[in-house]
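Engineer: So that you have it, the file is work.cif, and it contains mmCIF, C-alpha atoms:
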```cif
data_start
loop_
_atom_site.label_atom_id
_atom_site.label_comp_id
_atom_site.auth_asym_id
_atom_site.auth_seq_id
_atom_site.Cartn_x
_atom_site.Cartn_y
_atom_site.Cartn_z
CA MET A 1 25.96 -97.94 73.33
CA PRO A 2 27.37 -100.55 70.90
CA LYS A 3 26.61 -99.79 67.28
CA LYS A 4 24.75 -103.06 66.64
CA ILE A 5 22.35 -102.41 69.51
CA PHE A 6 21.85 -98.82 68.37
CA GLU A 7 21.08 -99.93 64.81
CA PHE A 8 18.66 -102.58 66.09
CA LYS A 9 16.75 -100.02 68.17
CA LEU A 10 16.79 -97.54 65.32
CA ASN A 11 15.28 -100.15 63.02
CA GLU A 12 12.57 -100.84 65.61
CA LEU A 13 11.75 -97.13 65.69
CA ALA A 14 11.59 -97.00 61.89
CA ASN A 15 9.09 -99.87 61.90
CA ARG A 16 6.93 -98.06 64.46
CA VAL A 17 6.91 -94.96 62.27
CA LYS A 18 5.98 -97.14 59.31
CA LEU A 19 3.00 -98.52 61.25
CA LEU A 20 1.66 -94.96 61.45
CA GLY A 21 1.39 -95.04 57.67
CA VAL A 22 4.48 -92.92 57.00
CA ASP A 23 6.44 -94.07 53.95
CA LEU A 24 10.04 -94.58 55.09
CA ARG A 25 11.21 -93.31 51.70
CA ARG A 26 9.88 -89.84 52.57
CA GLU A 27 13.19 -88.32 53.55
CA ASP A 28 11.57 -84.89 53.93
CA HIS A 29 9.24 -86.13 56.68
CA PRO A 30 10.40 -84.72 60.06
CA LEU A 31 10.47 -88.14 61.75
CA ILE A 32 12.31 -89.81 58.88
CA THR A 33 14.78 -86.92 58.85
CA ARG A 34 15.52 -87.56 62.54
CA LEU A 35 16.10 -91.26 61.90
CA ILE A 36 18.45 -90.51 59.01
CA GLU A 37 20.35 -87.96 61.13
CA ALA A 38 20.66 -90.53 63.92
CA LYS A 39 22.09 -93.14 61.57
CA ASN A 40 24.51 -90.74 59.88
CA LEU A 41 25.74 -89.16 63.12
CA TYR A 42 26.49 -92.27 65.15
CA ASP A 43 30.14 -92.75 64.19
CA LYS A 44 30.96 -89.06 64.71
CA ASP A 45 28.67 -88.10 67.60
CA LYS A 46 26.99 -90.85 69.62
CA SER A 47 25.18 -88.39 71.90
CA GLY A 48 23.77 -86.43 68.98
CA ALA A 49 22.71 -89.62 67.21
CA CYS A 50 20.96 -90.95 70.31
CA ALA A 51 19.27 -87.58 70.87
CA HIS A 52 17.73 -87.70 67.38
CA ALA A 53 16.59 -91.28 67.98
CA CYS A 54 15.16 -90.34 71.39
CA TYR A 55 13.18 -87.54 69.76
CA VAL A 56 11.39 -90.06 67.54
CA GLN A 57 10.99 -92.46 70.44
CA ILE A 58 9.17 -89.87 72.56
CA VAL A 59 6.80 -89.09 69.68
CA MET A 60 5.94 -92.79 69.49
CA GLU A 61 5.48 -93.07 73.25
CA ASP A 62 3.30 -89.96 73.38
CA LEU A 63 1.11 -91.43 70.64
CA ASP A 64 0.92 -94.73 72.53
CA LYS A 65 -0.38 -92.89 75.61
CA ILE A 66 -2.97 -91.07 73.54
CA GLN A 67 -4.05 -94.29 71.81
CA ARG A 68 -4.68 -95.99 75.17
CA HIS A 69 -6.64 -92.99 76.43
CA ASP A 70 -8.60 -91.87 73.36
CA LEU A 71 -8.53 -93.93 70.17
CA LYS A 72 -10.44 -91.30 68.19
CA LEU A 73 -7.90 -88.61 69.08
CA PHE A 74 -5.05 -90.97 68.23
CA GLN A 75 -6.53 -91.62 64.79
CA CYS A 76 -6.80 -87.87 64.25
CA PHE A 77 -3.12 -87.32 65.10
CA LYS A 78 -2.16 -90.33 63.00
CA ARG A 79 -3.85 -88.80 59.95
CA GLU A 80 -2.09 -85.50 60.52
CA ILE A 81 1.36 -87.00 61.01
CA ARG A 82 1.25 -88.94 57.75
CA ARG A 83 0.16 -85.97 55.65
CA ASN A 84 2.18 -85.56 52.48
CA PRO A 85 3.67 -83.04 52.38
CA LEU A 86 4.09 -82.19 56.06
CA PRO A 87 6.03 -78.90 56.18
CA PRO A 88 8.22 -78.35 59.27
CA GLU A 89 6.15 -75.36 60.42
CA ASN A 90 3.02 -77.55 60.42
CA TYR A 91 4.78 -80.48 62.03
CA PHE A 92 6.12 -78.52 65.01
CA GLY A 93 2.66 -77.22 65.89
CA LEU A 94 1.27 -80.76 65.55
CA ARG A 95 4.10 -82.10 67.71
CA MET A 96 3.21 -79.61 70.45
CA GLU A 97 -0.42 -80.77 70.32
CA ILE A 98 0.65 -84.41 70.63
CA ARG A 99 2.97 -83.57 73.55
CA MET A 100 0.24 -81.58 75.28
CA ALA A 101 -2.36 -84.34 74.84
CA ALA A 102 0.08 -86.91 76.26
CA SER A 103 1.06 -84.57 79.10
CA LEU A 104 -2.57 -83.92 80.07
CA THR A 105 -3.21 -87.66 79.91
CA ASP A 106 -0.24 -88.32 82.20
CA LYS A 107 -1.59 -85.73 84.64
CA LYS A 108 -5.03 -87.40 84.56
CA THR A 109 -6.56 -84.11 83.44
CA SER A 110 -9.93 -84.32 81.72
CA PHE A 111 -9.81 -82.46 78.40
CA THR A 112 -11.54 -82.18 75.05
CA LYS A 113 -9.70 -81.68 71.77
CA SER A 114 -10.96 -78.55 70.08
CA GLU A 115 -9.80 -76.02 67.48
CA THR A 116 -9.45 -72.55 68.96
CA PRO A 117 -8.13 -73.23 71.52
CA ASP A 118 -6.67 -76.67 70.80
CA PHE A 119 -7.71 -78.11 74.18
CA LEU A 120 -10.60 -77.38 76.52
CA ILE A 121 -9.98 -78.20 80.19
CA ASN A 122 -13.17 -79.86 81.35
CA ASP A 123 -12.69 -79.34 85.09
CA VAL A 124 -12.02 -75.59 84.90
CA LYS A 125 -14.73 -73.39 83.42
CA ASN A 126 -13.71 -71.29 80.41
CA LEU A 127 -10.11 -72.52 80.35
CA GLY A 128 -8.34 -73.63 77.19
CA ILE A 129 -4.81 -74.36 75.99
CA GLU A 130 -3.61 -73.20 72.58
CA CYS A 131 -0.53 -74.88 71.10
CA SER A 132 2.02 -73.27 68.84
CA SER A 133 5.68 -73.29 67.86
CA ALA A 134 8.38 -70.67 67.50
CA HIS A 135 11.51 -71.82 65.72
CA LEU A 136 14.84 -70.34 64.77
CA SER A 137 17.01 -71.30 61.86
CA LEU A 138 20.01 -73.36 62.89
CA HIS A 139 22.08 -70.84 60.95
CA SER A 140 20.91 -67.98 63.16
CA SER A 141 23.14 -66.27 65.69
CA HIS A 142 21.37 -68.14 68.51
CA ASP A 143 20.94 -64.84 70.30
CA ALA A 144 18.47 -64.73 73.19
CA LYS A 145 16.93 -61.49 71.88
CA GLU A 146 16.08 -63.25 68.64
CA LEU A 147 14.35 -66.00 70.60
CA PHE A 148 12.29 -63.45 72.54
CA TYR A 149 11.35 -61.81 69.26
CA LYS A 150 10.18 -65.15 67.87
CA VAL A 151 8.09 -65.84 70.99
CA GLU A 152 6.53 -62.37 70.89
CA ALA A 153 5.79 -62.62 67.16
CA ASN A 154 4.17 -65.99 67.74
CA ILE A 155 1.94 -64.56 70.48
CA LYS A 156 0.84 -61.69 68.25
CA LYS A 157 -0.01 -64.13 65.47
CA LYS A 158 -2.04 -66.31 67.83
CA GLU A 159 -3.91 -63.30 69.19
CA GLN A 160 -5.59 -62.93 65.81
CA SER A 161 -7.59 -66.09 66.54
CA CYS A 162 -11.01 -65.91 68.14
CA PHE A 163 -10.88 -68.23 71.15
CA SER A 164 -13.98 -69.90 72.53
CA THR A 165 -12.64 -69.69 76.10
CA ARG A 166 -12.40 -66.59 78.26
CA ASN A 167 -9.07 -67.74 79.71
CA THR A 168 -6.41 -69.28 77.49
CA ILE A 169 -2.91 -70.62 78.14
CA LEU A 170 -0.44 -70.54 75.26
CA ALA A 171 1.95 -73.51 75.02
CA ILE A 172 4.86 -72.81 72.66
CA ASP A 173 7.34 -75.38 71.40
CA ILE A 174 10.79 -73.79 71.00
CA SER A 175 12.67 -77.06 70.54
CA ASN A 176 14.80 -76.71 67.45
CA LEU A 177 17.36 -74.23 68.77
CA ILE A 178 17.67 -75.75 72.20
CA PHE A 179 17.62 -79.35 70.96
CA HIS A 180 20.69 -78.89 68.81
CA GLU A 181 22.57 -76.97 71.48
CA GLY A 182 21.85 -79.34 74.37
CA LYS A 183 20.42 -78.71 77.82
CA ASN A 184 22.99 -76.11 78.93
CA ALA A 185 21.71 -73.69 76.30
CA MET A 186 18.45 -73.48 78.22
CA PHE A 187 20.15 -71.43 80.90
CA ALA A 188 22.42 -69.47 78.60
CA LEU A 189 19.77 -68.34 76.12
CA LEU A 190 16.36 -68.16 77.73
CA TYR A 191 15.94 -69.46 81.25
CA ASP A 192 18.03 -66.95 83.17
CA LYS A 193 15.48 -65.93 85.80
CA ASP A 194 16.85 -62.38 86.11
CA LYS A 195 16.55 -61.67 82.38
CA ALA A 196 13.98 -64.06 80.97
CA ARG A 197 11.10 -63.79 83.41
CA PRO A 198 10.71 -59.98 83.35
CA ARG A 199 10.85 -60.02 79.55
CA LEU A 200 8.37 -62.89 79.25
CA THR A 201 6.08 -61.31 81.85
CA SER A 202 6.11 -58.06 79.88
CA ILE A 203 5.21 -59.96 76.71
CA ILE A 204 2.36 -61.88 78.34
CA ASN A 205 0.93 -58.75 80.01
CA ARG A 206 0.51 -57.16 76.59
CA SER A 207 -1.29 -60.22 75.25
CA VAL A 208 -4.73 -61.80 75.66
CA PHE A 209 -3.25 -64.92 77.27
CA GLN A 210 -3.22 -65.79 80.95
CA SER A 211 0.13 -67.55 80.78
CA ILE A 212 2.72 -68.83 78.35
CA ILE A 213 4.60 -72.08 78.78
CA CYS A 214 7.68 -72.57 76.63
CA PHE A 215 8.43 -76.25 76.00
CA THR A 216 11.52 -77.79 74.52
CA PHE A 217 13.22 -81.12 74.08
CA ALA A 218 16.88 -80.94 75.06
CA TRP A 219 19.45 -83.69 75.38
CA VAL A 220 22.12 -84.45 77.94
CA ASN A 221 24.82 -87.10 77.83
CA ALA A 222 23.59 -90.31 79.44
CA ASP A 223 25.35 -90.76 82.79
CA ASN A 224 27.41 -87.69 81.84
CA LYS A 225 29.40 -89.79 79.38
CA PRO A 226 29.09 -89.08 75.62
CA SER A 227 29.98 -92.69 74.80
CA PHE A 228 26.84 -93.84 76.66
CA GLY A 229 24.53 -92.00 74.29
CA ALA A 230 22.00 -89.35 75.31
CA THR A 231 18.93 -88.83 77.44
CA LEU A 232 16.20 -86.54 76.14
CA HIS A 233 14.38 -84.24 78.54
CA CYS A 234 11.09 -82.49 77.94
CA LEU A 235 11.60 -79.14 79.66
CA TYR A 236 9.35 -76.17 80.24
CA HIS A 237 9.40 -72.64 81.57
CA ARG A 238 6.27 -70.74 82.58
CA ALA A 239 5.48 -67.03 82.77
CA ASP A 240 2.11 -65.65 83.96
CA ARG A 241 0.43 -62.30 83.47
CA LEU A 242 0.43 -60.16 86.61
CA ASN A 243 -3.35 -60.28 87.07
CA ILE A 244 -3.73 -63.97 86.24
CA ASP A 245 -7.13 -65.49 86.95
CA PRO A 246 -6.95 -67.37 90.31
CA GLN A 247 -8.51 -70.54 88.86
CA VAL A 248 -6.02 -70.58 86.00
CA GLU A 249 -3.14 -70.02 88.41
CA SER A 250 -4.34 -72.88 90.61
CA PHE A 251 -4.56 -75.20 87.60
CA LEU A 252 -1.07 -74.24 86.45
CA ASN A 253 0.46 -74.56 89.91
CA LYS A 254 -0.85 -78.11 90.08
CA HIS A 255 0.32 -79.23 86.65
CA TRP A 256 3.21 -76.94 85.65
CA PRO A 257 4.60 -75.31 88.82
CA LEU A 258 6.59 -72.11 88.56
CA GLY A 259 10.37 -72.39 88.63
CA ASP A 260 13.51 -71.43 86.77
CA LEU A 261 13.56 -74.63 84.73
CA TRP A 262 11.51 -77.77 85.18
CA VAL A 263 11.64 -81.24 83.71
CA GLU A 264 8.39 -82.94 82.75
CA ALA A 265 7.80 -86.38 84.20
CA ASN A 266 8.90 -88.28 81.11
CA ILE A 267 12.64 -88.73 80.66
CA LYS A 268 13.59 -91.19 77.96
CA GLU A 269 16.84 -92.89 77.12
CA ILE A 270 17.81 -95.03 74.15
#
```
Show the structure stored in the file as structure tokens.

Structural biologist:
Amino acid sequence: MPKKIFEFKLNELANRVKLLGVDLRREDHPLITRLIEAKNLYDKDKSGACAHACYVQIVMEDLDKIQRHDLKLFQCFKREIRRNPLPPENYFGLRMEIRMAASLTDKKTSFTKSETPDFLINDVKNLGIECSSAHLSLHSSHDAKELFYKVEANIKKKEQSCFSTRNTILAIDISNLIFHEGKNAMFALLYDKDKARPRLTSIINRSVFQSIICFTFAWVNADNKPSFGATLHCLYHRADRLNIDPQVESFLNKHWPLGDLWVEANIKEI
């Protein structure tokens, strides 16, 4: 992508973030940080720069979907996203909630925003979805065992909550490690079916949750050519408890089918 076009699109994204009420001078804000990274990376790494820009673009598009579906919920997310300060650990959980709300909207699933859990599924009695995030430092060893540890620790933390639903699905955002490594790291680190699924199943069987779905944003070179920029995929991997409730399993099979690695419907390119 020519630099002038990239800069034009990046400026458009910055203006959309500004319309949310986020001061563009807030360099510590997660969205502003992405925009700055995109601008600074372009000359050295076009794919990486476009991936950062795509990340912001998908946030904006998710919020657009929510705004068209439920203005009150959009206003709620808008207030949260412009909080000052907005620590990364708070932002990633919020981002997962925004992604889930947009995903449920795309799937034409009737839901109600709640607290514990974050979403109530209106068409399935006593079913909720709790959102969370489990993140690794970019300076970590990027070892799969460390990622499993983070997921398990996150589940244990969430189990301390008192959920209003009998059956709860846990949706965990694990983006930051995978995002920076690219799509191939999905297979290398977590989504090896022979290693990951037994470990994840063991973790979920020891928990109160019916299922866990790990979500991540990961980039690939557009048209397999780095000079063309990058496409950002929203990916997920699901693991169920062995005695999963049949109604929950049916709901999941319809909306997030089992598989080694699946791509959500939205694939964006800048």

Engineer: Pick out the closest residue to Ala222 (chain A) from this set: A:Gly48, A:Arg25, A:Lys108, A:Asp64. Count all atoms listed in the file.

Structural biologist: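 Distance minimum relative to Ala222 (chain A) lands on A:Gly48.
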
Engineer: Using all atoms listed in the file, determine which residues lie at most 9 Å from region 41-46 of chain A, disregarding the query and same-chain residues fewer than 2 positions distant; provide the list as a list in words.

Structural biologist: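 Near neighbours after the sequence-gap exclusion: Met1, Lys3, Phe6, Ile36, Glu37, Ala38, Lys39, Gly48, Ala49, Cys50, Ala51, Pro226, Ser227, Phe228, Gly229 and Ala230 of chain A.
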
Engineer: Check which residues satisfy the PyMOL selection byres ((chain A and resi 111) around 8) in the file shown, then give them as a PyMOL selection string.

Structural biologist: chain A and resi 104+109-110+112-113+119-123

Engineer: Find, counting all atoms listed in the file, the residue in A:Ser132, A:Gln67, A:Thr216, A:Thr231 that gets nearest to Lys157 (chain A).

Structural biologist: A:Ser132

Engineer: Between A:Leu35, A:Ile129, A:Gln247, A:Gly21, which has the minimum distance to Lys9 (chain A) (counting all atoms listed in the file)?

Structural biologist: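 Of all the options, A:Leu35 lies closest to Lys9 (chain A).
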
Engineer: Applying 7 Å and all atoms listed in the file, which residues near region 93-101 of chain A remain after dropping the ones on its own chain fewer than 5 positions away? List them as a list of chain:residue names.

Structural biologist: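 After dropping sequence-adjacent residues, the list is A:Asp62, A:Ile66, A:Cys131, A:Ser132, A:Ser133, A:Asp173.
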
Engineer: Show me the residues close to (1.4, -74.7, 85.1) - anything with an atom within 12 Å, counting all atoms listed in the file - and format the list as a PyMOL selection string.

Structural biologist: chain A and resi 103-104+107+129+169-171+210-215+236-240+244+247-259+262+264

Engineer: What's the separation between CA of Val151 (chain A) and CA of Ser207 (chain A), in Å to one decimal place?

Structural biologist: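 Between these atoms lies a distance of 11.7 Å.
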
Engineer: One number please: CA of Arg26 (chain A) to CA of His233 (chain A), in Å, one decimal.

Structural biologist: 26.9 Å

Engineer: Just to confirm, what's the straight-line distance from CA of Ala53 (chain A) to CA of Asn221 (chain A) in Å (one decimal)?

Structural biologist: 13.5 Å

Engineer: Excluding Ala14 (chain A) and residues on its chain fewer than 2 positions from it, collect all residues at most 10 Å away from it, counting only C-alpha atoms, and give them as a list in words.

Structural biologist: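 In the requested form, the answer reads Phe8, Lys9, Leu10, Asn11, Glu12, Arg16, Val17, Lys18, Leu19, Val22, Asp23, Leu24, Leu31, Ile32, Leu35, Ile36, Ala53, Val56 and Gln57 of chain A.
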
Engineer: Determine the nearest neighbour of Glu152 (chain A) from the options A:Ser47, A:Asn205, A:Thr105, A:Asn243, counting all atoms listed in the file.

Structural biologist: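 Ranking A:Ser47, A:Asn205, A:Thr105, A:Asn243 by distance to Glu152 (chain A), first place goes to A:Asn205.
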